[in-house]
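work-v5.cif (mmCIF, C-alpha atoms (C1' of nucleotides)) appears below.
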data_protein
#
loop_
_atom_site.label_atom_id
_atom_site.label_comp_id
_atom_site.auth_asym_id
_atom_site.auth_seq_id
_atom_site.Cartn_x
_atom_site.Cartn_y
_atom_site.Cartn_z
CA MET A 6 0.00 0.00 0.00
CA ARG A 7 1.80 3.06 -1.28
CA ARG A 8 0.70 6.08 0.70
CA ASP A 9 2.55 9.22 -0.09
CA ILE A 10 1.30 12.76 -0.21
CA PHE A 11 1.55 13.00 -4.00
CA GLN A 12 -0.67 10.01 -4.48
CA ALA A 13 -3.06 11.46 -1.91
CA ILE A 14 -3.58 14.71 -3.82
CA ALA A 15 -3.82 12.93 -7.18
CA ASP A 16 -7.51 12.25 -6.69
CA PRO A 17 -9.80 15.24 -7.43
CA THR A 18 -12.27 14.25 -4.72
CA ARG A 19 -9.48 14.26 -2.15
CA ARG A 20 -8.32 17.68 -3.33
CA ALA A 21 -11.89 18.91 -2.91
CA ILE A 22 -12.02 17.46 0.62
CA ILE A 23 -8.76 19.22 1.44
CA ALA A 24 -10.21 22.49 0.20
CA LEU A 25 -13.36 21.95 2.27
CA ILE A 26 -11.66 21.26 5.58
CA ALA A 27 -8.81 23.71 5.10
CA LEU A 28 -10.53 26.44 7.07
CA GLN A 29 -12.81 24.53 9.40
CA ALA A 30 -12.97 20.99 10.76
CA MET A 31 -15.83 18.84 9.49
CA THR A 32 -17.37 15.43 10.13
CA PRO A 33 -17.48 12.70 7.45
CA ASN A 34 -21.23 13.18 7.09
CA GLY A 35 -20.81 16.92 6.76
CA ILE A 36 -18.18 16.47 4.10
CA ALA A 37 -20.17 13.85 2.22
CA GLU A 38 -23.11 16.25 1.91
CA ASN A 39 -21.00 18.26 -0.49
CA PHE A 40 -20.45 15.38 -2.88
CA ASN A 41 -22.54 13.09 -5.02
CA THR A 42 -21.24 10.00 -3.34
CA THR A 43 -21.71 7.88 -0.24
CA ARG A 44 -20.36 8.61 3.22
CA GLN A 45 -18.31 5.42 3.07
CA SER A 46 -16.50 6.57 -0.03
CA ILE A 47 -15.63 9.83 1.71
CA SER A 48 -14.50 7.86 4.75
CA LYS A 49 -12.12 5.88 2.56
CA HIS A 50 -10.64 9.09 1.20
CA LEU A 51 -10.32 10.47 4.72
CA ARG A 52 -8.53 7.32 5.75
CA ILE A 53 -6.01 7.73 2.97
CA LEU A 54 -5.53 11.39 3.83
CA THR A 55 -5.09 10.45 7.48
CA GLU A 56 -2.58 7.71 6.68
CA CYS A 57 -0.28 10.16 4.95
CA GLU A 58 -0.87 12.68 7.76
CA LEU A 59 -2.46 15.31 5.56
CA VAL A 60 -5.47 15.34 7.85
CA LYS A 61 -5.96 15.04 11.59
CA GLN A 62 -8.92 13.81 13.64
CA GLU A 63 -10.59 15.19 16.73
CA HIS A 64 -13.10 12.97 18.51
CA LEU A 65 -16.12 14.70 20.02
CA GLY A 66 -18.59 12.18 21.40
CA ARG A 67 -19.62 9.98 18.53
CA GLU A 68 -18.58 12.55 15.97
CA ILE A 69 -15.12 12.81 14.47
CA TYR A 70 -13.97 16.17 13.15
CA TYR A 71 -11.39 16.15 10.38
CA SER A 72 -9.16 19.10 9.67
CA LEU A 73 -6.23 19.85 7.41
CA GLU A 74 -2.70 19.32 8.68
CA ILE A 75 -1.46 22.41 6.91
CA ASP A 76 2.20 21.79 7.72
CA LYS A 77 2.15 18.64 5.63
CA MET A 78 1.30 20.72 2.59
CA LYS A 79 4.69 22.34 2.90
CA GLU A 80 6.24 19.07 1.75
CA ILE A 81 4.78 19.66 -1.69
CA ASP A 82 6.06 23.20 -1.57
CA LYS A 83 9.48 21.88 -0.66
CA TRP A 84 9.43 19.48 -3.60
CA LEU A 85 8.35 22.29 -5.93
CA ASP A 86 11.16 24.48 -4.71
CA GLN A 87 13.84 22.82 -6.87
CA TYR A 88 11.75 23.59 -9.95
CA ARG A 89 10.83 27.05 -8.77
CA LYS A 90 14.54 27.83 -8.85
CA ILE A 91 14.65 26.74 -12.47
CA TRP A 92 11.75 28.84 -13.67
CA GLN A 93 13.02 31.84 -11.77
CA THR A 94 16.44 31.44 -13.37
CA ARG A 95 14.87 31.19 -16.81
CA PHE A 96 12.83 34.27 -16.06
CA ASN A 97 15.98 36.12 -15.09
CA GLN A 98 17.66 34.95 -18.29
CA LEU A 99 14.71 36.25 -20.27
CA ASP A 100 15.04 39.44 -18.31
CA ASN A 101 18.68 39.71 -19.35
CA VAL A 102 17.79 39.09 -22.96
CA LEU A 103 15.21 41.85 -22.80
CA SER A 104 17.56 44.32 -21.18
CA ASN A 105 20.27 43.47 -23.71
CA LEU A 106 17.82 44.12 -26.51
CA LYS A 107 17.05 47.45 -24.88
CA LYS A 108 20.73 48.29 -24.59
CA ASN A 109 21.41 47.45 -28.24
CA LYS A 110 18.50 49.58 -29.29
CA LYS A 111 20.05 52.66 -27.72
CA MET B 7 -8.48 8.44 -19.33
CA ARG B 8 -7.95 11.02 -16.65
CA ARG B 9 -4.82 13.00 -17.41
CA ASP B 10 -4.17 15.84 -15.07
CA ILE B 11 -0.92 17.11 -13.72
CA PHE B 12 -1.59 15.89 -10.18
CA GLN B 13 -2.10 12.35 -11.36
CA ALA B 14 1.04 12.67 -13.46
CA ILE B 15 3.27 13.53 -10.52
CA ALA B 16 1.65 10.91 -8.29
CA ASP B 17 3.91 8.20 -9.64
CA PRO B 18 7.43 8.16 -8.10
CA THR B 19 9.01 7.00 -11.37
CA ARG B 20 7.49 9.96 -13.18
CA ARG B 21 8.75 12.35 -10.52
CA ALA B 22 12.21 10.84 -10.97
CA ILE B 23 11.95 11.32 -14.74
CA ILE B 24 10.94 14.94 -14.20
CA ALA B 25 13.95 15.47 -11.96
CA LEU B 26 16.23 13.87 -14.55
CA ILE B 27 15.16 15.95 -17.52
CA ALA B 28 14.64 19.17 -15.61
CA LEU B 29 18.06 20.49 -16.50
CA GLN B 30 18.88 18.74 -19.75
CA ALA B 31 16.87 17.03 -22.47
CA MET B 32 17.25 13.27 -22.70
CA THR B 33 16.21 10.40 -24.96
CA PRO B 34 13.98 7.53 -23.73
CA ASN B 35 16.94 5.16 -23.84
CA GLY B 36 19.08 7.59 -21.90
CA ILE B 37 16.38 8.00 -19.27
CA ALA B 38 15.73 4.26 -19.03
CA GLU B 39 19.40 3.62 -18.23
CA ASN B 40 18.77 5.30 -14.89
CA PHE B 41 16.00 2.92 -13.88
CA ASN B 42 15.62 -0.79 -13.24
CA THR B 43 12.88 -1.12 -15.80
CA THR B 44 12.39 -1.51 -19.52
CA ARG B 45 12.55 1.26 -22.09
CA GLN B 46 8.91 0.65 -22.98
CA SER B 47 7.79 1.32 -19.44
CA ILE B 48 9.67 4.63 -19.48
CA SER B 49 8.10 5.43 -22.84
CA LYS B 50 4.65 4.94 -21.34
CA HIS B 51 5.47 7.34 -18.54
CA LEU B 52 6.81 9.85 -21.06
CA ARG B 53 3.61 9.54 -23.01
CA ILE B 54 1.55 10.35 -19.92
CA LEU B 55 3.80 13.28 -19.09
CA THR B 56 3.51 14.51 -22.67
CA GLU B 57 -0.28 14.17 -22.67
CA CYS B 58 -0.61 16.52 -19.72
CA GLU B 59 2.01 18.82 -21.28
CA LEU B 60 4.53 18.47 -18.49
CA VAL B 61 7.13 17.40 -21.02
CA LYS B 62 7.98 18.43 -24.57
CA GLN B 63 9.68 16.54 -27.38
CA GLU B 64 12.36 17.54 -29.83
CA HIS B 65 13.03 15.25 -32.75
CA LEU B 66 16.65 14.94 -33.86
CA GLY B 67 17.07 12.33 -36.56
CA ARG B 68 15.93 9.04 -35.15
CA GLU B 69 16.28 10.25 -31.60
CA ILE B 70 13.66 12.10 -29.58
CA TYR B 71 14.79 14.37 -26.81
CA TYR B 72 12.42 14.95 -23.93
CA SER B 73 12.64 17.97 -21.67
CA LEU B 74 10.61 19.48 -18.87
CA GLU B 75 7.93 22.06 -19.64
CA ILE B 76 8.78 24.08 -16.58
CA ASP B 77 5.88 26.49 -16.96
CA LYS B 78 3.42 23.67 -16.39
CA MET B 79 4.89 23.13 -12.94
CA LYS B 80 3.59 26.54 -12.00
CA GLU B 81 0.08 25.10 -12.03
CA ILE B 82 0.94 23.10 -8.93
CA ASP B 83 2.41 26.21 -7.40
CA LYS B 84 -0.79 28.05 -8.17
CA TRP B 85 -2.87 25.35 -6.50
CA LEU B 86 -0.60 25.41 -3.47
CA ASP B 87 -0.96 29.15 -3.19
CA GLN B 88 -4.34 29.03 -1.46
CA TYR B 89 -2.83 26.86 1.27
CA ARG B 90 0.35 28.87 1.43
CA LYS B 91 -1.83 31.80 2.48
CA ILE B 92 -3.21 29.71 5.33
CA TRP B 93 0.11 28.61 6.73
CA GLN B 94 1.53 32.10 6.42
CA THR B 95 -1.45 33.49 8.33
CA ARG B 96 -0.96 30.89 11.05
CA PHE B 97 2.71 31.74 11.14
CA ASN B 98 1.86 35.41 11.53
CA GLN B 99 -0.53 34.55 14.32
CA LEU B 100 2.24 32.61 16.02
CA ASP B 101 4.45 35.61 15.45
CA ASN B 102 1.91 37.82 17.19
CA VAL B 103 1.72 35.42 20.09
CA LEU B 104 5.47 35.50 20.42
CA SER B 105 5.73 39.27 20.26
CA ASN B 106 2.93 39.56 22.79
CA LEU B 107 4.82 37.24 25.11
CA LYS B 108 7.88 39.42 24.62
CA LYS B 109 5.89 42.56 25.36
CA ASN B 110 4.43 41.07 28.53
CA LYS B 111 7.88 40.03 29.64
CA LYS B 112 9.12 43.60 29.54
"C1'" DT C 21 20.47 -1.93 -50.59
"C1'" DA C 22 20.78 -4.60 -46.35
"C1'" DT C 23 21.34 -4.17 -41.49
"C1'" DA C 24 21.31 -2.24 -36.95
"C1'" DG C 25 19.56 1.16 -33.72
"C1'" DA C 26 15.87 4.29 -31.65
"C1'" DT C 27 11.34 4.71 -30.94
"C1'" DG C 28 6.07 4.40 -30.74
"C1'" DC C 29 2.00 1.52 -30.53
"C1'" DA C 30 -1.02 -2.48 -29.41
"C1'" DA C 31 -2.15 -6.55 -26.73
"C1'" DC C 32 -1.90 -8.91 -22.48
"C1'" DT C 33 -1.45 -9.54 -17.25
"C1'" DA C 34 -1.22 -8.61 -12.37
"C1'" DT C 35 -2.13 -5.11 -9.22
"C1'" DT C 36 -4.30 -1.10 -7.45
"C1'" DC C 37 -8.06 2.07 -6.93
"C1'" DG C 38 -12.63 4.26 -6.30
"C1'" DG C 39 -17.10 3.16 -5.17
"C1'" DT C 40 -21.00 0.37 -3.20
"C1'" DT C 41 -23.14 -2.72 0.09
"C1'" DG C 42 -23.50 -4.80 4.43
"C1'" DC C 43 -22.15 -5.24 9.15
"C1'" DG C 44 -20.73 -4.07 13.92
"C1'" DC C 45 -19.81 -0.76 17.57
"C1'" DA C 46 -20.33 3.17 20.42
"C1'" DA C 47 -22.72 7.43 21.69
"C1'" DA C 48 -26.88 10.13 21.79
"C1'" DA C 49 -31.94 10.43 21.90
"C1'" DC C 50 -36.30 8.72 23.11
"C1'" DG D 9 -33.68 -0.12 27.84
"C1'" DT D 10 -34.73 0.40 23.10
"C1'" DT D 11 -34.02 3.04 19.00
"C1'" DT D 12 -31.60 6.18 16.22
"C1'" DT D 13 -27.39 8.25 14.61
"C1'" DG D 14 -22.42 8.65 13.35
"C1'" DC D 15 -18.78 6.14 12.28
"C1'" DG D 16 -15.11 2.51 10.86
"C1'" DC D 17 -14.10 -1.89 8.76
"C1'" DA D 18 -14.34 -5.77 5.46
"C1'" DA D 19 -15.86 -7.86 1.18
"C1'" DC D 20 -16.87 -7.30 -3.36
"C1'" DC D 21 -16.88 -5.28 -8.28
"C1'" DG D 22 -15.68 -2.70 -12.34
"C1'" DA D 23 -12.28 0.42 -14.10
"C1'" DA D 24 -7.75 2.15 -14.37
"C1'" DT D 25 -2.74 1.51 -13.99
"C1'" DA D 26 2.18 -0.07 -14.29
"C1'" DG D 27 4.80 -3.22 -16.46
"C1'" DT D 28 6.10 -6.78 -20.07
"C1'" DT D 29 6.30 -8.69 -24.72
"C1'" DG D 30 5.97 -8.38 -29.54
"C1'" DC D 31 5.73 -5.78 -33.71
"C1'" DA D 32 5.92 -1.89 -37.09
"C1'" DT D 33 8.31 2.37 -38.55
"C1'" DC D 34 11.83 5.43 -39.42
"C1'" DT D 35 16.73 6.74 -39.62
"C1'" DA D 36 21.49 6.03 -39.62
"C1'" DT D 37 25.37 3.15 -41.27
"C1'" DA D 38 28.07 -0.41 -43.62
#
Can the structure from this file be put into structure tokens for me?
Amino acid sequence: MRRDIFQAIADPTRRAIIALIALQAMTPNGIAENFNTTRQSISKHLRILTECELVKQEHLGREIYYSLEIDKMKEIDKWLDQYRKIWQTRFNQLDNVLSNLKKNKK
Amino acid sequence: MRRDIFQAIADPTRRAIIALIALQAMTPNGIAENFNTTRQSISKHLRILTECELVKQEHLGREIYYSLEIDKMKEIDKWLDQYRKIWQTRFNQLDNVLSNLKKNKK
DNA sequence: TATAGATGCAACTATTCGGTTGCGCAAAAC
DNA sequence: GTTTTGCGCAACCGAATAGTTGCATCTATA
């Protein structure tokens, strides 16, 4: 069972769940109301999100509130960082090209 | 056939391919040499990456060079941005807490 | 022109995945 | 104490996926 964060966000339903609970904790039933699917299917997604620690639970009586573990999202940001450096460099190179063109024009 | 960028980067082999060709274009054979798998399997991954425009081809004789379409990576960055705002806000809140503690200490 | 190399495409297989259904358990409501 | 509600877990099914094998195509090279 491969359970990494990239596989977790690959599914559009899971990304929608993440967006839903990003600002406020919600119960599985509450989340499921926003989708055209069963509560069990949402529960399975929540389980996957929990397993890769993208989501945390808080038990309140018989209800379980799920909320986003925002720090985990930084891992994606960290992975992106190596590529961000590349596109920033290319942007700077383009910038140089443009300023050189400007210089030659003078 | 669902082909979005999030599904494309979900596979660890594809992420490794992306990392490989990020800085220099490579042929399928050249890429495959870096993995314990067949050339055909790499070709399938390249096809998926091409379909979601994460990768571009350049034909040179009988060889095809694949390189990263770095601009497409910005889409992930854009998606992350909404969550980046959240963790920055929380960080600022923490910052306020800390500065308040400092103030009270004085 | 004949041969070897680089590649894409199609068919097949084993595995994984998303979703549904059914069940059991614990907490709340009656 | 019985019923209802909220939830997780397991079994099952159809679809998608990663990988392999085999073949066709195009381009170099001898």
One number please: CA of Tyr70 in chain A to CA of Thr32 in chain A, in Å, one decimal.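 That distance, rounded to one decimal, is 4.6 Å.
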For the file shown, report as a list in words the outcome of the PyMOL selection byres ((chain B) within 9 of (chain C)) at residue level. Pro34, Asn35, Ser49, Arg68, Glu69 and Ile70 of chain B
Which residues of chain D come within 7 Å of chain B, and what is each one's closest atom pair and distance in Å (one decimal), counting all atoms listed in the file, sorted by chain and residue number, as a Markdown table?
| residue | atom | partner | partner_atom | distance |
| --- | --- | --- | --- | --- |
| D:DG27 | C1' | B:Ser47 | CA | 6.2 |
| D:DC34 | C1' | B:Arg68 | CA | 6.9 |
| D:DT35 | C1' | B:Arg68 | CA | 5.1 |
Please produce a file of those selected residues containing C-alpha atoms (C1' of nucleotides), as a PDB file, in the coordinates of the input.
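Saved to selection-v8.pdb:
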ATOM      1  C1'  DG D  27       4.800  -3.220 -16.460  1.00  0.00           C
ATOM      2  C1'  DC D  34      11.830   5.430 -39.420  1.00  0.00           C
ATOM      3  C1'  DT D  35      16.730   6.740 -39.620  1.00  0.00           C
TER       4       DT D  35
END
For chain B, work out the contacting residues on chain A at 7 Å, counting only C-alpha atoms, and write them as an MDAnalysis selection string. chainID A and resid 11:12 14:15 75 92
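Atom pair CA of Arg19 in chain A / CA of Leu59 in chain A: separated by 10.5 Å.
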Could you work out how far CA of Thr55 in chain A lies from C1' of DA23 in chain D, giving the answer in Å with one decimal? 24.9 Å
Can you complete the atoms of range 36-47 of chain A to all heavy atoms and list them as a PDB file, in the frame of the given file?
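Final output, saved to result_17.pdb:
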ATOM      1  N   ILE A  36     -18.954  16.409   5.333  1.00  0.00           N
ATOM      2  CA  ILE A  36     -18.180  16.470   4.100  1.00  0.00           C
ATOM      3  C   ILE A  36     -18.935  15.808   2.957  1.00  0.00           C
ATOM      4  O   ILE A  36     -19.042  16.354   1.859  1.00  0.00           O
ATOM      5  CB  ILE A  36     -16.807  15.788   4.286  1.00  0.00           C
ATOM      6  CG1 ILE A  36     -15.976  16.541   5.337  1.00  0.00           C
ATOM      7  CG2 ILE A  36     -16.057  15.725   2.964  1.00  0.00           C
ATOM      8  CD1 ILE A  36     -14.736  15.790   5.786  1.00  0.00           C
ATOM      9  N   ALA A  37     -19.504  14.629   3.260  1.00  0.00           N
ATOM     10  CA  ALA A  37     -20.170  13.850   2.220  1.00  0.00           C
ATOM     11  C   ALA A  37     -21.361  14.599   1.615  1.00  0.00           C
ATOM     12  O   ALA A  37     -21.700  14.393   0.448  1.00  0.00           O
ATOM     13  CB  ALA A  37     -20.631  12.507   2.782  1.00  0.00           C
ATOM     14  N   GLU A  38     -21.973  15.471   2.417  1.00  0.00           N
ATOM     15  CA  GLU A  38     -23.110  16.250   1.910  1.00  0.00           C
ATOM     16  C   GLU A  38     -22.739  17.108   0.704  1.00  0.00           C
ATOM     17  O   GLU A  38     -23.595  17.480  -0.083  1.00  0.00           O
ATOM     18  CB  GLU A  38     -23.673  17.147   3.025  1.00  0.00           C
ATOM     19  CG  GLU A  38     -24.593  16.407   3.995  1.00  0.00           C
ATOM     20  CD  GLU A  38     -24.943  17.260   5.203  1.00  0.00           C
ATOM     21  OE1 GLU A  38     -24.676  18.476   5.167  1.00  0.00           O
ATOM     22  OE2 GLU A  38     -25.471  16.703   6.194  1.00  0.00           O
ATOM     23  N   ASN A  39     -21.456  17.413   0.611  1.00  0.00           N
ATOM     24  CA  ASN A  39     -21.000  18.260  -0.490  1.00  0.00           C
ATOM     25  C   ASN A  39     -20.651  17.486  -1.765  1.00  0.00           C
ATOM     26  O   ASN A  39     -20.217  18.074  -2.743  1.00  0.00           O
ATOM     27  CB  ASN A  39     -19.778  19.061  -0.047  1.00  0.00           C
ATOM     28  CG  ASN A  39     -20.109  20.036   1.071  1.00  0.00           C
ATOM     29  OD1 ASN A  39     -20.550  21.137   0.829  1.00  0.00           O
ATOM     30  ND2 ASN A  39     -19.926  19.601   2.315  1.00  0.00           N
ATOM     31  N   PHE A  40     -20.807  16.178  -1.713  1.00  0.00           N
ATOM     32  CA  PHE A  40     -20.450  15.380  -2.880  1.00  0.00           C
ATOM     33  C   PHE A  40     -21.585  14.452  -3.287  1.00  0.00           C
ATOM     34  O   PHE A  40     -22.444  14.121  -2.476  1.00  0.00           O
ATOM     35  CB  PHE A  40     -19.202  14.531  -2.578  1.00  0.00           C
ATOM     36  CG  PHE A  40     -17.976  15.344  -2.276  1.00  0.00           C
ATOM     37  CD1 PHE A  40     -17.668  15.699  -0.971  1.00  0.00           C
ATOM     38  CD2 PHE A  40     -17.141  15.751  -3.296  1.00  0.00           C
ATOM     39  CE1 PHE A  40     -16.542  16.456  -0.693  1.00  0.00           C
ATOM     40  CE2 PHE A  40     -16.013  16.506  -3.019  1.00  0.00           C
ATOM     41  CZ  PHE A  40     -15.726  16.858  -1.716  1.00  0.00           C
ATOM     42  N   ASN A  41     -21.553  14.045  -4.532  1.00  0.00           N
ATOM     43  CA  ASN A  41     -22.540  13.090  -5.020  1.00  0.00           C
ATOM     44  C   ASN A  41     -22.048  11.664  -4.827  1.00  0.00           C
ATOM     45  O   ASN A  41     -21.965  10.886  -5.761  1.00  0.00           O
ATOM     46  CB  ASN A  41     -22.814  13.329  -6.508  1.00  0.00           C
ATOM     47  CG  ASN A  41     -23.602  14.592  -6.739  1.00  0.00           C
ATOM     48  OD1 ASN A  41     -24.411  14.967  -5.902  1.00  0.00           O
ATOM     49  ND2 ASN A  41     -23.350  15.234  -7.858  1.00  0.00           N
ATOM     50  N   THR A  42     -21.739  11.338  -3.611  1.00  0.00           N
ATOM     51  CA  THR A  42     -21.240  10.000  -3.340  1.00  0.00           C
ATOM     52  C   THR A  42     -21.630   9.595  -1.928  1.00  0.00           C
ATOM     53  O   THR A  42     -22.243  10.369  -1.200  1.00  0.00           O
ATOM     54  CB  THR A  42     -19.703   9.960  -3.519  1.00  0.00           C
ATOM     55  OG1 THR A  42     -19.250   8.635  -3.290  1.00  0.00           O
ATOM     56  CG2 THR A  42     -19.020  10.891  -2.548  1.00  0.00           C
ATOM     57  N   THR A  43     -21.308   8.371  -1.562  1.00  0.00           N
ATOM     58  CA  THR A  43     -21.710   7.880  -0.240  1.00  0.00           C
ATOM     59  C   THR A  43     -20.743   8.341   0.840  1.00  0.00           C
ATOM     60  O   THR A  43     -19.618   8.732   0.562  1.00  0.00           O
ATOM     61  CB  THR A  43     -21.738   6.343  -0.249  1.00  0.00           C
ATOM     62  OG1 THR A  43     -20.441   5.870  -0.619  1.00  0.00           O
ATOM     63  CG2 THR A  43     -22.764   5.834  -1.228  1.00  0.00           C
ATOM     64  N   ARG A  44     -21.207   8.259   2.093  1.00  0.00           N
ATOM     65  CA  ARG A  44     -20.360   8.610   3.220  1.00  0.00           C
ATOM     66  C   ARG A  44     -19.157   7.669   3.298  1.00  0.00           C
ATOM     67  O   ARG A  44     -18.045   8.087   3.617  1.00  0.00           O
ATOM     68  CB  ARG A  44     -21.170   8.522   4.515  1.00  0.00           C
ATOM     69  CG  ARG A  44     -20.371   8.703   5.780  1.00  0.00           C
ATOM     70  CD  ARG A  44     -21.190   8.355   7.003  1.00  0.00           C
ATOM     71  NE  ARG A  44     -21.608   6.961   7.005  1.00  0.00           N
ATOM     72  CZ  ARG A  44     -20.830   5.948   7.397  1.00  0.00           C
ATOM     73  NH1 ARG A  44     -19.603   6.186   7.819  1.00  0.00           N
ATOM     74  NH2 ARG A  44     -21.264   4.726   7.373  1.00  0.00           N
ATOM     75  N   GLN A  45     -19.389   6.398   2.983  1.00  0.00           N
ATOM     76  CA  GLN A  45     -18.310   5.420   3.070  1.00  0.00           C
ATOM     77  C   GLN A  45     -17.164   5.740   2.114  1.00  0.00           C
ATOM     78  O   GLN A  45     -15.996   5.550   2.455  1.00  0.00           O
ATOM     79  CB  GLN A  45     -18.819   4.007   2.772  1.00  0.00           C
ATOM     80  CG  GLN A  45     -19.561   3.369   3.926  1.00  0.00           C
ATOM     81  CD  GLN A  45     -21.020   3.757   3.963  1.00  0.00           C
ATOM     82  OE1 GLN A  45     -21.401   4.721   3.305  1.00  0.00           O
ATOM     83  NE2 GLN A  45     -21.822   3.020   4.698  1.00  0.00           N
ATOM     84  N   SER A  46     -17.541   6.216   0.934  1.00  0.00           N
ATOM     85  CA  SER A  46     -16.500   6.570  -0.030  1.00  0.00           C
ATOM     86  C   SER A  46     -15.672   7.741   0.501  1.00  0.00           C
ATOM     87  O   SER A  46     -14.442   7.751   0.383  1.00  0.00           O
ATOM     88  CB  SER A  46     -17.145   6.880  -1.371  1.00  0.00           C
ATOM     89  OG  SER A  46     -16.659   8.070  -1.906  1.00  0.00           O
ATOM     90  N   ILE A  47     -16.351   8.714   1.105  1.00  0.00           N
ATOM     91  CA  ILE A  47     -15.630   9.830   1.710  1.00  0.00           C
ATOM     92  C   ILE A  47     -14.736   9.342   2.854  1.00  0.00           C
ATOM     93  O   ILE A  47     -13.586   9.770   2.998  1.00  0.00           O
ATOM     94  CB  ILE A  47     -16.622  10.885   2.244  1.00  0.00           C
ATOM     95  CG1 ILE A  47     -17.455  11.467   1.084  1.00  0.00           C
ATOM     96  CG2 ILE A  47     -15.895  11.999   2.980  1.00  0.00           C
ATOM     97  CD1 ILE A  47     -16.657  12.228   0.064  1.00  0.00           C
TER      98      ILE A  47
END
